[in-house]
Each structure stands twice: as structure tokens, then as C-alpha cells.
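Undergrad: The following file, structure13.cif, comprises mmCIF, C-alpha atoms and all ligand atoms:
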data_entry
loop_
_atom_site.label_atom_id
_atom_site.label_comp_id
_atom_site.auth_asym_id
_atom_site.auth_seq_id
_atom_site.Cartn_x
_atom_site.Cartn_y
_atom_site.Cartn_z
CA MET A 1 130.37 91.58 99.33
CA GLY A 2 128.21 91.73 96.24
CA ARG A 3 129.10 92.70 92.70
CA TYR A 4 127.60 95.98 91.65
CA TYR A 5 127.97 98.75 89.14
CA ALA A 6 130.55 101.47 89.67
CA MET A 7 131.84 99.82 92.80
CA PHE A 8 134.27 102.05 94.64
CA PRO A 9 137.66 100.36 95.01
CA ALA A 10 138.58 100.16 98.70
CA PRO A 11 141.98 101.91 98.26
CA PHE A 12 140.26 104.92 96.64
CA VAL A 13 137.82 105.29 99.53
CA THR A 14 140.53 104.64 102.11
CA ARG A 15 142.67 107.45 100.73
CA ALA A 16 139.71 109.83 100.50
CA VAL A 17 138.52 109.08 104.02
CA THR A 18 141.97 109.39 105.58
CA THR A 19 142.78 112.55 103.60
CA PHE A 20 139.61 114.47 104.35
CA THR A 21 138.41 113.20 107.73
CA ALA A 22 139.62 112.28 111.21
CA PRO A 23 138.32 109.35 113.27
CA GLY A 24 134.87 110.21 114.59
CA ASP A 25 133.97 112.46 111.61
CA VAL A 26 130.77 111.45 109.82
CA VAL A 27 130.93 110.27 106.19
CA LEU A 28 127.82 110.51 103.99
CA ASP A 29 127.09 108.60 100.77
CA PRO A 30 123.65 109.45 99.31
CA PHE A 31 123.98 106.92 96.41
CA SER A 32 125.80 104.21 98.28
CA GLY A 33 125.35 101.21 95.96
CA ARG A 34 126.76 98.08 97.56
CA GLY A 35 128.22 100.24 100.30
CA ASN A 36 131.98 100.22 99.85
CA ALA A 37 132.37 103.86 100.91
CA PRO A 38 130.33 103.60 104.13
CA PHE A 39 131.91 100.24 104.95
CA VAL A 40 135.49 101.49 104.59
CA ALA A 41 134.62 104.70 106.47
CA ALA A 42 133.02 102.77 109.35
CA ALA A 43 135.94 100.34 109.52
CA LEU A 44 138.27 103.36 109.79
CA GLY A 45 136.29 104.69 112.75
CA ARG A 46 134.13 107.20 110.87
CA PRO A 47 130.38 106.78 111.42
CA ALA A 48 128.75 106.40 108.02
CA VAL A 49 125.33 107.42 106.74
CA ALA A 50 124.37 105.65 103.54
CA VAL A 51 121.29 105.88 101.32
CA ASP A 52 120.29 103.83 98.29
CA ILE A 53 116.97 103.30 96.57
CA GLN A 54 117.86 99.82 95.29
CA PRO A 55 116.98 96.94 97.66
CA VAL A 56 119.88 94.78 96.41
CA ALA A 57 122.33 97.60 97.06
CA TRP A 58 120.86 98.22 100.49
CA LEU A 59 120.97 94.53 101.34
CA PHE A 60 124.72 94.33 100.68
CA THR A 61 125.39 97.64 102.44
CA ALA A 62 123.34 96.80 105.54
CA ALA A 63 124.84 93.30 105.76
CA LYS A 64 128.33 94.83 105.73
CA LEU A 65 127.63 97.69 108.13
CA LEU A 66 125.46 95.70 110.53
CA PRO A 67 126.44 92.05 110.07
CA ALA A 68 125.14 89.27 112.29
CA GLN A 69 127.70 89.08 115.08
CA GLN A 70 127.65 85.30 115.49
CA PRO A 71 128.18 83.07 112.47
CA LYS A 72 126.57 80.14 114.27
CA ARG A 73 123.24 81.97 114.19
CA VAL A 74 123.55 82.50 110.44
CA LEU A 75 124.46 78.84 109.95
CA ALA A 76 121.46 77.79 112.04
CA ARG A 77 119.24 79.79 109.67
CA VAL A 78 120.81 78.00 106.68
CA ARG A 79 119.67 74.69 108.18
CA ALA A 80 116.24 76.11 109.07
CA ILE A 81 115.72 77.27 105.48
CA GLU A 82 116.65 73.82 104.20
CA ARG A 83 114.03 72.29 106.52
CA ALA A 84 111.45 74.79 105.25
CA VAL A 85 111.85 73.72 101.60
CA ARG A 86 108.61 72.30 100.19
CA PRO A 87 108.49 69.80 97.29
CA VAL A 88 106.86 72.47 95.11
CA ASP A 89 109.85 74.78 95.69
CA ARG A 90 112.12 72.37 93.81
CA ARG A 91 109.84 72.37 90.78
CA SER A 92 110.77 74.55 87.82
CA ARG A 93 108.25 76.89 86.26
CA SER A 94 110.25 77.87 83.20
CA ARG A 95 113.11 76.88 80.92
CA PHE A 96 115.12 79.65 82.55
CA GLU A 97 114.65 78.22 86.06
CA THR A 98 115.53 74.73 84.83
CA MET A 99 118.75 75.88 83.24
CA ALA A 100 119.72 78.40 85.92
CA TRP A 101 119.55 76.31 89.11
CA ALA A 102 119.55 72.62 90.01
CA PRO A 103 116.41 71.43 91.88
CA ALA A 104 118.05 71.49 95.34
CA VAL A 105 119.31 75.03 94.77
CA ARG A 106 115.95 76.15 93.36
CA GLY A 107 114.19 74.74 96.42
CA PHE A 108 116.56 76.49 98.80
CA LEU A 109 116.25 79.83 96.97
CA LYS A 110 112.47 79.73 97.01
CA ALA A 111 112.34 78.84 100.71
CA ALA A 112 114.85 81.62 101.49
CA ARG A 113 112.73 84.07 99.52
CA ARG A 114 109.65 83.09 101.52
CA GLU A 115 111.19 82.73 105.00
CA LEU A 116 114.01 85.23 105.46
CA ASP A 117 113.04 88.49 107.15
CA TRP A 118 115.89 90.42 105.53
CA ARG A 119 114.39 93.86 106.17
CA ASN A 120 114.16 93.50 109.95
CA SER A 121 116.50 90.78 111.18
CA ARG A 122 120.28 91.17 111.13
CA VAL A 123 120.83 87.42 111.03
CA ASP A 124 118.36 86.88 108.19
CA ARG A 125 119.75 89.85 106.28
CA THR A 126 123.29 88.53 106.57
CA LEU A 127 122.23 85.15 105.24
CA MET A 128 120.18 86.77 102.48
CA ALA A 129 123.23 88.76 101.40
CA PHE A 130 125.20 85.49 101.03
CA VAL A 131 122.34 83.92 99.10
CA ALA A 132 121.96 86.95 96.81
CA LEU A 133 125.71 87.06 96.26
CA HIS A 134 126.00 83.43 95.15
CA MET A 135 122.67 82.77 93.46
CA GLN A 136 123.87 84.49 90.29
CA ASP A 137 127.44 83.32 89.97
CA SER A 138 128.87 80.26 88.30
CA TYR A 139 130.30 77.22 90.03
CA PRO A 140 132.71 77.04 91.89
CA LYS A 141 132.01 80.63 93.01
CA GLY A 142 128.28 80.37 92.91
CA LEU A 143 125.14 78.31 92.83
CA SER A 144 123.97 78.91 89.27
CA ASN A 145 124.72 77.99 85.71
CA ARG A 146 127.28 80.33 84.17
CA PHE A 147 126.15 83.93 84.70
CA SER A 148 127.55 87.40 84.74
CA PRO A 149 127.67 88.08 88.49
CA THR A 150 126.99 91.79 87.98
CA VAL A 151 124.38 92.35 85.30
CA ALA A 152 121.41 90.01 85.04
CA HIS A 153 120.63 89.53 81.37
CA SER A 154 117.08 88.71 80.34
CA ALA A 155 115.80 85.15 80.83
CA SER A 156 115.47 84.55 77.08
CA TYR A 157 119.01 85.82 76.41
CA ALA A 158 120.42 83.59 79.16
CA VAL A 159 118.61 80.51 77.83
CA ARG A 160 119.87 81.20 74.27
CA TRP A 161 123.41 81.78 75.56
CA TRP A 162 123.50 78.58 77.64
CA THR A 163 121.99 76.57 74.79
CA ALA A 164 124.50 77.85 72.24
CA ARG A 165 127.38 76.79 74.49
CA GLY A 166 125.96 73.45 75.54
CA LEU A 167 125.60 74.61 79.17
CA LEU A 168 122.28 72.83 79.43
CA THR A 169 122.49 71.67 83.04
CA PRO A 170 123.24 73.82 86.08
CA PRO A 171 125.80 72.56 88.63
CA ALA A 172 124.30 70.10 91.13
CA THR A 173 125.64 72.00 94.13
CA ASP A 174 124.43 71.26 97.65
CA PRO A 175 123.28 74.74 98.77
CA VAL A 176 123.64 73.99 102.48
CA ALA A 177 127.22 72.72 102.22
CA PHE A 178 128.12 75.52 99.80
CA LEU A 179 126.70 78.35 101.92
CA THR A 180 128.04 76.89 105.17
CA ASP A 181 131.52 76.87 103.68
CA ARG A 182 131.21 80.43 102.32
CA ILE A 183 129.84 81.87 105.54
CA ALA A 184 132.47 80.15 107.67
CA ARG A 185 135.23 81.41 105.37
CA ARG A 186 134.02 85.02 105.52
CA TYR A 187 133.70 85.01 109.30
CA ALA A 188 137.14 83.44 109.63
CA PHE A 189 138.54 86.89 108.72
CA GLY A 190 136.79 88.29 111.81
CA LEU A 191 134.52 91.31 111.96
CA PRO A 192 136.10 94.74 111.86
CA ALA A 193 135.30 97.04 114.78
CA MET A 194 133.08 99.53 113.04
CA ALA A 195 131.88 103.00 113.97
CA PRO A 196 128.09 102.97 114.45
CA SER A 197 126.59 103.56 111.02
CA LYS A 198 123.21 103.89 109.38
CA PRO A 199 122.23 102.41 106.04
CA PHE A 200 118.89 103.71 104.73
CA LEU A 201 116.78 102.14 102.00
CA GLY A 202 114.95 104.81 100.05
CA ASP A 203 115.05 107.77 97.70
CA ALA A 204 117.88 110.12 98.69
CA ARG A 205 115.65 113.09 97.87
CA LEU A 206 113.26 112.06 100.62
CA LYS A 207 115.71 110.58 103.09
CA LEU A 208 118.01 113.60 103.08
CA ALA A 209 115.02 115.87 103.70
CA GLN A 210 113.68 113.69 106.56
CA LEU A 211 116.85 112.81 108.44
CA THR A 212 118.27 114.87 111.28
CA PRO A 213 121.37 116.67 109.91
CA CYS A 214 124.30 114.29 110.32
CA ARG A 215 127.07 116.96 110.19
CA ALA A 216 129.21 115.04 107.72
CA LYS A 217 132.81 116.05 107.12
CA LEU A 218 132.94 114.17 103.83
CA LEU A 219 130.27 113.49 101.25
CA ILE A 220 131.69 110.78 99.00
CA THR A 221 129.56 109.22 96.33
CA SER A 222 129.20 107.83 92.85
CA PRO A 223 125.81 108.93 91.52
CA PRO A 224 123.77 106.97 88.98
CA TYR A 225 124.96 107.84 85.47
CA HIS A 226 122.73 109.44 82.86
CA ASP A 227 121.31 106.84 80.47
CA VAL A 228 123.83 104.03 81.10
CA THR A 229 122.64 101.51 83.65
CA ASP A 230 119.16 100.34 84.52
CA TYR A 231 119.61 99.71 88.23
CA TRP A 232 116.26 97.97 88.47
CA ASN A 233 116.20 95.65 85.48
CA ASP A 234 119.89 94.80 85.51
CA HIS A 235 119.31 93.34 88.98
CA TRP A 236 116.05 91.53 88.31
CA ILE A 237 117.28 88.12 89.45
CA ARG A 238 118.51 89.32 92.84
CA LEU A 239 115.39 91.48 93.18
CA TRP A 240 113.39 88.27 92.79
CA ILE A 241 115.00 86.70 95.86
CA LEU A 242 113.99 89.86 97.75
CA GLY A 243 110.33 89.35 96.83
CA GLU A 244 109.88 90.89 93.35
CA PRO A 245 108.47 88.80 90.46
CA LEU A 246 110.96 86.69 88.45
CA ARG A 247 110.99 89.03 85.44
CA LYS A 248 112.15 92.42 84.30
CA ASN A 249 109.75 95.26 84.99
CA TRP A 250 109.99 98.15 82.55
CA ARG A 251 107.68 100.29 84.67
CA ARG A 252 110.31 100.26 87.41
CA THR A 253 113.20 101.11 85.08
CA GLN A 254 115.96 103.15 86.75
CA LYS A 255 118.10 104.18 83.80
CA HIS A 256 117.84 107.94 84.21
CA THR A 257 117.32 108.39 80.48
CA ASN A 258 115.41 111.65 80.68
CA LEU A 259 118.04 114.38 81.01
CA LYS A 260 115.68 116.90 82.57
CA GLU A 261 114.67 114.43 85.28
CA TYR A 262 118.29 113.40 85.77
CA ARG A 263 119.30 117.03 86.28
CA SER A 264 116.48 117.53 88.72
CA LEU A 265 117.54 114.40 90.68
CA MET A 266 121.16 115.55 90.97
CA THR A 267 120.20 119.12 91.86
CA THR A 268 117.71 118.03 94.51
CA VAL A 269 120.00 115.46 96.12
CA PHE A 270 122.98 117.81 96.39
CA GLN A 271 120.78 120.70 97.57
CA ARG A 272 119.31 118.47 100.28
CA ALA A 273 122.72 117.04 101.16
CA LYS A 274 123.84 120.58 101.96
CA ARG A 275 122.16 120.61 105.36
CA HIS A 276 124.05 117.43 106.26
CA LEU A 277 127.52 118.74 105.40
CA ARG A 278 129.57 120.80 107.84
CA ASP A 279 130.81 124.21 106.65
CA ASP A 280 134.34 122.78 106.49
CA GLY A 281 133.07 119.64 104.74
CA VAL A 282 134.38 118.24 101.47
CA VAL A 283 132.41 116.75 98.57
CA LEU A 284 134.06 114.06 96.46
CA VAL A 285 132.10 112.61 93.57
CA ARG A 286 133.33 109.99 91.13
CA CYS A 287 131.18 109.63 88.04
CA GLY A 288 131.28 108.38 84.48
CA ALA A 289 133.13 110.45 81.93
CA LYS A 290 130.05 110.76 79.75
CA LYS A 291 129.68 114.47 79.19
CA ARG A 292 126.13 114.85 80.41
CA THR A 293 126.65 112.89 83.62
CA ALA A 294 129.81 114.74 84.57
CA GLU A 295 128.53 118.19 83.59
CA THR A 296 125.24 117.67 85.40
CA CYS A 297 126.95 116.52 88.59
CA GLU A 298 129.49 119.31 88.53
CA GLN A 299 126.85 121.95 87.95
CA ALA A 300 124.63 120.59 90.73
CA ILE A 301 127.62 120.61 93.12
CA ARG A 302 128.59 124.17 92.18
CA GLU A 303 125.02 125.35 92.68
CA ALA A 304 124.70 123.65 96.05
CA TRP A 305 128.06 124.92 97.38
CA PRO A 306 128.80 128.19 95.55
CA THR A 307 131.54 129.21 98.01
CA LYS A 308 133.54 126.01 97.74
CA ARG A 309 136.48 125.59 95.38
CA VAL A 310 135.66 122.97 92.75
CA LEU A 311 138.16 120.83 90.83
CA SER A 312 137.58 117.99 88.44
CA GLY A 313 139.94 115.35 87.15
CA ARG A 314 139.95 112.41 84.81
CA THR A 315 141.03 108.93 85.68
CA ARG A 316 141.42 105.78 83.60
CA VAL A 317 140.25 102.65 85.35
CA GLU A 318 141.10 99.27 83.94
CA ARG A 319 138.62 96.58 84.76
CA ARG A 320 136.69 93.65 83.39
CA GLY A 321 133.47 94.63 81.72
CA VAL A 322 130.20 94.00 83.48
CA ALA A 323 129.39 91.37 80.87
CA SER A 324 132.67 89.50 81.33
CA GLY A 325 130.77 86.41 82.46
CA TYR A 326 129.44 86.32 78.93
CA GLY A 327 132.83 86.26 77.32
CA HIS A 328 133.79 89.92 76.88
CA GLY A 329 137.30 90.84 77.89
CA ALA A 330 138.94 93.54 79.95
CA LYS A 331 138.27 97.17 79.16
CA VAL A 332 139.44 100.54 80.23
CA VAL A 333 136.88 103.07 81.35
CA GLU A 334 137.33 106.75 81.99
CA GLU A 335 135.85 108.33 85.05
CA ILE A 336 135.75 111.82 86.46
CA ASP A 337 136.40 112.91 90.03
CA ILE A 338 134.87 116.17 91.22
CA VAL A 339 136.10 117.69 94.48
CA ALA A 340 134.43 120.64 96.19
CA ALA A 341 136.19 121.92 99.28
CA PRO A 342 136.35 125.09 101.35
CA GLN A 343 139.01 127.59 100.23
CA GLU A 344 140.81 127.06 103.56
CA ALA A 345 141.31 123.36 102.74
CA ALA A 346 143.51 124.17 99.71
CA ASP A 347 146.53 122.31 101.14
CA THR A 348 144.59 119.13 101.87
CA VAL A 349 143.01 119.25 98.42
CA GLN A 350 146.45 119.81 96.88
CA GLY A 351 147.66 116.68 98.70
CA TRP A 352 144.72 114.73 97.38
CA THR A 353 144.97 115.84 93.75
CA SER A 354 148.74 115.51 93.48
CA GLY A 355 148.75 111.96 94.81
CA ALA A 356 145.59 110.89 93.03
CA GLU A 357 145.35 108.48 90.17
CA SER A 358 143.27 111.20 88.47
CA THR A 359 144.70 114.05 86.46
CA TYR A 360 143.05 117.17 87.79
CA GLN A 361 142.63 119.63 84.97
CA LYS A 362 140.79 122.70 86.07
CA ALA A 363 140.15 124.69 89.18
CA SER A 364 137.89 127.58 89.93
C1 LIG A 401 127.00 104.25 90.61
S1 LIG A 401 126.00 103.45 91.81
C2 LIG A 401 126.91 103.65 93.29
C3 LIG A 401 127.93 102.54 93.47
C4 LIG A 401 128.73 102.64 94.76
N1 LIG A 401 129.72 103.71 94.71
C5 LIG A 401 129.42 101.31 95.12
O1 LIG A 401 130.61 101.31 95.53
O2 LIG A 401 128.78 100.27 95.03
C6 LIG A 401 124.68 104.60 91.97
C7 LIG A 401 123.60 104.18 92.94
O3 LIG A 401 122.62 105.23 93.04
C8 LIG A 401 121.39 104.61 93.39
N2 LIG A 401 120.28 105.55 93.18
C9 LIG A 401 119.73 105.95 92.02
N3 LIG A 401 118.74 106.85 92.25
C10 LIG A 401 118.67 107.03 93.59
C11 LIG A 401 117.89 107.83 94.45
N4 LIG A 401 116.94 108.63 93.98
N5 LIG A 401 118.10 107.76 95.77
C12 LIG A 401 119.07 106.95 96.28
N6 LIG A 401 119.86 106.16 95.52
C13 LIG A 401 119.67 106.19 94.19
C14 LIG A 401 121.36 103.39 92.50
O4 LIG A 401 120.45 102.42 92.99
C15 LIG A 401 122.81 102.94 92.55
O5 LIG A 401 123.00 101.95 93.52
#
Could you write out this file's structure as C-alpha cells?

TA:
Amino acid sequence: MGRYYAMFPAPFVTRAVTTFTAPGDVVLDPFSGRGNAPFVAAALGRPAVAVDIQPVAWLFTAAKLLPAQQPKRVLARVRAIERAVRPVDRRSRSRFETMAWAPAVRGFLKAARRELDWRNSRVDRTLMAFVALHMQDSYPKGLSNRFSPTVAHSASYAVRWWTARGLLTPPATDPVAFLTDRIARRYAFGLPAMAPSKPFLGDARLKLAQLTPCRAKLLITSPPYHDVTDYWNDHWIRLWILGEPLRKNWRRTQKHTNLKEYRSLMTTVFQRAKRHLRDDGVVLVRCGAKKRTAETCEQAIREAWPTKRVLSGRTRVERRGVASGYGHGAKVVEEIDIVAAPQEAADTVQGWTSGAESTYQKAS
């Protein structure tokens, strides 16, 4: 649930979790994004501990790890939100709002933003995750005019783009019927039996220092990349539904442009993760192939676990670009996997690297 940057493919996490852990072992992801790693781990019977600083990421993760158990309660909240819509909610305050959402959708979104207690209530959070998922995705998959479902471009860019293509009017979707259908369809798959897991919203530097050691057997994560993605501003539309203003906020930028600060973040997080990893624990990090990101992560891992054996490998991942909603085609990206494991786990690591989609190049 939820498009996000650097989403872990489920088969990758499944293989990692089943290779390096047994049921009951704890799995830790300190930069969990939309939560694919903790979700897969929990569904495979491994309690997961997940941390992310981004409210949108946490929303999707928490909704997946701790979903409302009864769909009828989520559907009842859909109807309650519709009843809570005020005439003023349907009104547009900008060209962007007019072109992005039809009046009924706009009204529903504004009432949901005001009424849903997504931080504290499981039911409200589950519904909010559905709303956030579909509010920025084109018909028939979503409730908005044509949008990239991953990156939220600026309001002025979106208006220019829609205008140039004659997409002047958003789809007149009925939000209640649409969401009811989507929620029912998701729940029709059933809920997996999941190991009890904990998603935390906050800075991993602080959370990892505050939390009781979780004795993880596997730390699997994809850290933010150096100077690539602005996790705050690229999610400004979904952040709005969670209570932020409907605009980008350059003071909250999360692009990790400053290399010194980026290095300090990686070093601190891995140092603090150390007290959560068992002595026989394994670290598996997948990051962008940009030199500074990969080198920084590898160095931070080596410093945190000097006695572990570290390997890194390259992998080519073919996927649609984040801006594919705006007409760009498929692209191939290179990523790097870094594995740090105890010397005694050489056989397991050998099994992982030989069967991996990555080509592992060096060991030390
Ligand atoms: C590459 S994404 C992870 C994507 C994830 N693997 C998935 O499947 O969705 C990196 C994440 O790190 C988060 N992040 C950045 N700085 C952080 C910090 N100081 N503490 C916790 N999370 C942070 C970002 O919000 C982002 O969600």
C-alpha cells in the first residue's frame, strides 16, 4: 500500500528474511519508508521494529502492520466523513485545487483531514492510508486529475502540465463509492496473521537511542540517498492530508544535500542500531549506486561492526521512473547491496550472494 521511493520489492525482502532469520527472530528497519520490509517480516512470523521520520511513510507502514481488523468499521468511518463535509470544504481556494480534485472529492478530503485521528486510532489510520493512497492517483486508480502517484510535483508545474494537455477538469468520482469499493477489495484478500510489530514515527537517531534493545537478528534497510530525493517536499500533497499546509516547505527539506551531515546521520544511525543487533545478527542495506551514498553507508557499517565480514554487490533494477505519470518511460537503475555478517555465517552469506540478483564484487 502506498507508492514511495526506493520501495523494497517483496521477493527481495522475503528472500533476505528467510535466508537470515528464523520465525520469531526480530527484524529491524531504521529507515522503513512505506514499510515493505517490516510488513513482509511480520507476515513471515518475524516481529518487526520499524522507524521512519516521514509521516506519510509511517502512515502506510502502521496501516499495514496494525490494520483495522474489521472492514465494516473502516467503511462506517467513510460514511461518517461524508456526513462531516461542510459546504466550505467543497470550495476551491486555488487553480491547483480546482484542477486536481472535483468538488465532492475536495470536500471529502478536507473533512478527512479535519476529522480522522490517524495518529491514535487504528480504524482512522487505516482509512487515512486509503485516502492518502488514492488522493494523488489518476482515475480509475485514484481520485485526482492525472498525477504521478509517487512524486508530488509543485502546484504550478501540475497546473501547467494539465493545461498543456487539455486535462482541465478532474474526474467527477464519488469518493464514498470509490473508497468503499477499494477498501472492500483489499479486505477481500484477508489479513495476514502477523507477528506483533512496532512502527515508530520519528528520527532514527533518537528512537534507536530511546528504545529498549530489540535484539534483532536482521537489520534490513534502504537509507535515504545523498542529494537525490527530498522526502518532505516530494510528498507535500499527502503531507497536506495529514495536517501540513498545502504547499512545499523548503525549511523542512529532507534531501540530505550536505555530505557532512549525511555522513553524520548514517554514522549515528548505524552506531545506535548496534545495541539493537544480536552478536550473530546480519546487516543488509540496499542503497543507490551513487558513489557518495554507497561509500558513506559502507563506511558507517564497517565502523559500527568492525568484526563483521562486509560484502557489497551491484544490482540492476528495471522499473518505471518516479515521474512516469508525467510521461517518462521505463528506466534501469543501479543499486548496491551491502551485507555485514559474522565470520561464522559465511555459508549463509555465500547462499545469499550466489543466489542474489546482485553481483557481489568484493569481500573483506
Ligand atoms: C529509501 S527510503 C526507504 C524505502 C523503504 N525501503 C520502502 O520499501 O519503502 C528512506 C527513508 O528514510 C527516511 N529517513 C530519512 N531520514 C531519517 C531519519 N533521520 N530517521 C528515520 N527515517 C529517516 C525517509 O523518510 C525515507 O522514508

Undergrad: Find the nearest atom pair between each residue of region 190-290 of chain A and region 345-364 of chain A for residues within 10 Å, count all atoms listed in the file, give distances in Å to one decimal, sort rows by chain and ascending number, and present the table as a tab-separated table.

TA:
residue	atom	partner	partner_atom	distance
A:Asp280	CA	A:Ala345	CA	7.9
A:Gly281	CA	A:Ala345	CA	9.3
A:Val282	CA	A:Ala345	CA	8.7

Undergrad: Quick one: which chain A residues come within 7 Å of ligand LIG 401 (chain A), and what is the nearest atom pair for each with the distance in Å to one decimal, counting all atoms listed in the file, rows ordered by chain and ascending number, as a tab-separated table?

TA:
residue	atom	partner	partner_atom	distance
A:Tyr4	CA	A:LIG401	O2	5.6
A:Tyr5	CA	A:LIG401	S1	5.8
A:Ala6	CA	A:LIG401	C1	4.6
A:Met7	CA	A:LIG401	O1	3.3
A:Phe8	CA	A:LIG401	O1	3.8
A:Pro30	CA	A:LIG401	C12	6.0
A:Phe31	CA	A:LIG401	O3	4.0
A:Ser32	CA	A:LIG401	C4	4.8
A:Gly33	CA	A:LIG401	O5	3.5
A:Arg34	CA	A:LIG401	O2	3.9
A:Gly35	CA	A:LIG401	O2	5.3
A:Asn36	CA	A:LIG401	O1	4.7
A:Ala37	CA	A:LIG401	O1	6.2
A:Val51	CA	A:LIG401	C12	5.6
A:Asp52	CA	A:LIG401	N6	3.6
A:Ile53	CA	A:LIG401	N6	4.2
A:Gln54	CA	A:LIG401	O4	4.3
A:Ala57	CA	A:LIG401	O5	5.6
A:Gly202	CA	A:LIG401	C12	6.0
A:Asp203	CA	A:LIG401	N5	3.6
A:Ala204	CA	A:LIG401	N5	3.8
A:Arg205	CA	A:LIG401	N4	6.1
A:Thr221	CA	A:LIG401	N1	5.7
A:Ser222	CA	A:LIG401	N1	4.6
A:Pro223	CA	A:LIG401	C6	4.5
A:Pro224	CA	A:LIG401	C6	3.9
A:Tyr225	CA	A:LIG401	C1	6.6
A:Tyr231	CA	A:LIG401	O4	5.5
A:Leu265	CA	A:LIG401	N4	6.7

Undergrad: Please, could you write that set of residues out with C-alpha atoms as a PDB file, keeping the file's coordinate frame?

TA:
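Generated file (selection_8.pdb):
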ATOM      1  CA  TYR A   4     127.600  95.980  91.650  1.00  0.00           C
ATOM      2  CA  TYR A   5     127.970  98.750  89.140  1.00  0.00           C
ATOM      3  CA  ALA A   6     130.550 101.470  89.670  1.00  0.00           C
ATOM      4  CA  MET A   7     131.840  99.820  92.800  1.00  0.00           C
ATOM      5  CA  PHE A   8     134.270 102.050  94.640  1.00  0.00           C
ATOM      6  CA  PRO A  30     123.650 109.450  99.310  1.00  0.00           C
ATOM      7  CA  PHE A  31     123.980 106.920  96.410  1.00  0.00           C
ATOM      8  CA  SER A  32     125.800 104.210  98.280  1.00  0.00           C
ATOM      9  CA  GLY A  33     125.350 101.210  95.960  1.00  0.00           C
ATOM     10  CA  ARG A  34     126.760  98.080  97.560  1.00  0.00           C
ATOM     11  CA  GLY A  35     128.220 100.240 100.300  1.00  0.00           C
ATOM     12  CA  ASN A  36     131.980 100.220  99.850  1.00  0.00           C
ATOM     13  CA  ALA A  37     132.370 103.860 100.910  1.00  0.00           C
ATOM     14  CA  VAL A  51     121.290 105.880 101.320  1.00  0.00           C
ATOM     15  CA  ASP A  52     120.290 103.830  98.290  1.00  0.00           C
ATOM     16  CA  ILE A  53     116.970 103.300  96.570  1.00  0.00           C
ATOM     17  CA  GLN A  54     117.860  99.820  95.290  1.00  0.00           C
ATOM     18  CA  ALA A  57     122.330  97.600  97.060  1.00  0.00           C
ATOM     19  CA  GLY A 202     114.950 104.810 100.050  1.00  0.00           C
ATOM     20  CA  ASP A 203     115.050 107.770  97.700  1.00  0.00           C
ATOM     21  CA  ALA A 204     117.880 110.120  98.690  1.00  0.00           C
ATOM     22  CA  ARG A 205     115.650 113.090  97.870  1.00  0.00           C
ATOM     23  CA  THR A 221     129.560 109.220  96.330  1.00  0.00           C
ATOM     24  CA  SER A 222     129.200 107.830  92.850  1.00  0.00           C
ATOM     25  CA  PRO A 223     125.810 108.930  91.520  1.00  0.00           C
ATOM     26  CA  PRO A 224     123.770 106.970  88.980  1.00  0.00           C
ATOM     27  CA  TYR A 225     124.960 107.840  85.470  1.00  0.00           C
ATOM     28  CA  TYR A 231     119.610  99.710  88.230  1.00  0.00           C
ATOM     29  CA  LEU A 265     117.540 114.400  90.680  1.00  0.00           C
TER      30      LEU A 265
END

Undergrad: Report, in Å with one decimal, the straight-line distance from CA of Gly288 (chain A) to CA of Asp337 (chain A).

TA: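 Here the two named atoms are 8.8 Å from each other.
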
Undergrad: Could you list, as a CSV table (one decimal) with C-alpha atoms, keeping the file's coordinate frame, every residue within 7 Å of region 171-175 of chain A, counting only C-alpha atoms and ignoring same-chain residues fewer than 6 positions away?

TA:
chain,number,residue,atom,x,y,z
A,102,ALA,CA,119.6,72.6,90.0
A,104,ALA,CA,118.0,71.5,95.3
A,105,VAL,CA,119.3,75.0,94.8
A,108,PHE,CA,116.6,76.5,98.8
A,139,TYR,CA,130.3,77.2,90.0
A,143,LEU,CA,125.1,78.3,92.8
A,144,SER,CA,124.0,78.9,89.3
A,145,ASN,CA,124.7,78.0,85.7

Undergrad: Using only C-alpha atoms, which residue out of A:Ala76, A:Ala10, A:Ala16, A:Ala42 lies closest to Val285 (chain A)?

TA: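 Ranking A:Ala76, A:Ala10, A:Ala16, A:Ala42 by distance to Val285 (chain A), first place goes to A:Ala16.
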
Undergrad: Interatomic distance between CA of Arg95 (chain A) and CA of Val159 (chain A)?

TA: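 It comes out at 7.3 Å.
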
Undergrad: Suppose you want the space between CA of Val176 (chain A) and CA of Pro192 (chain A); what is it in Å?

TA: 26.0 Å
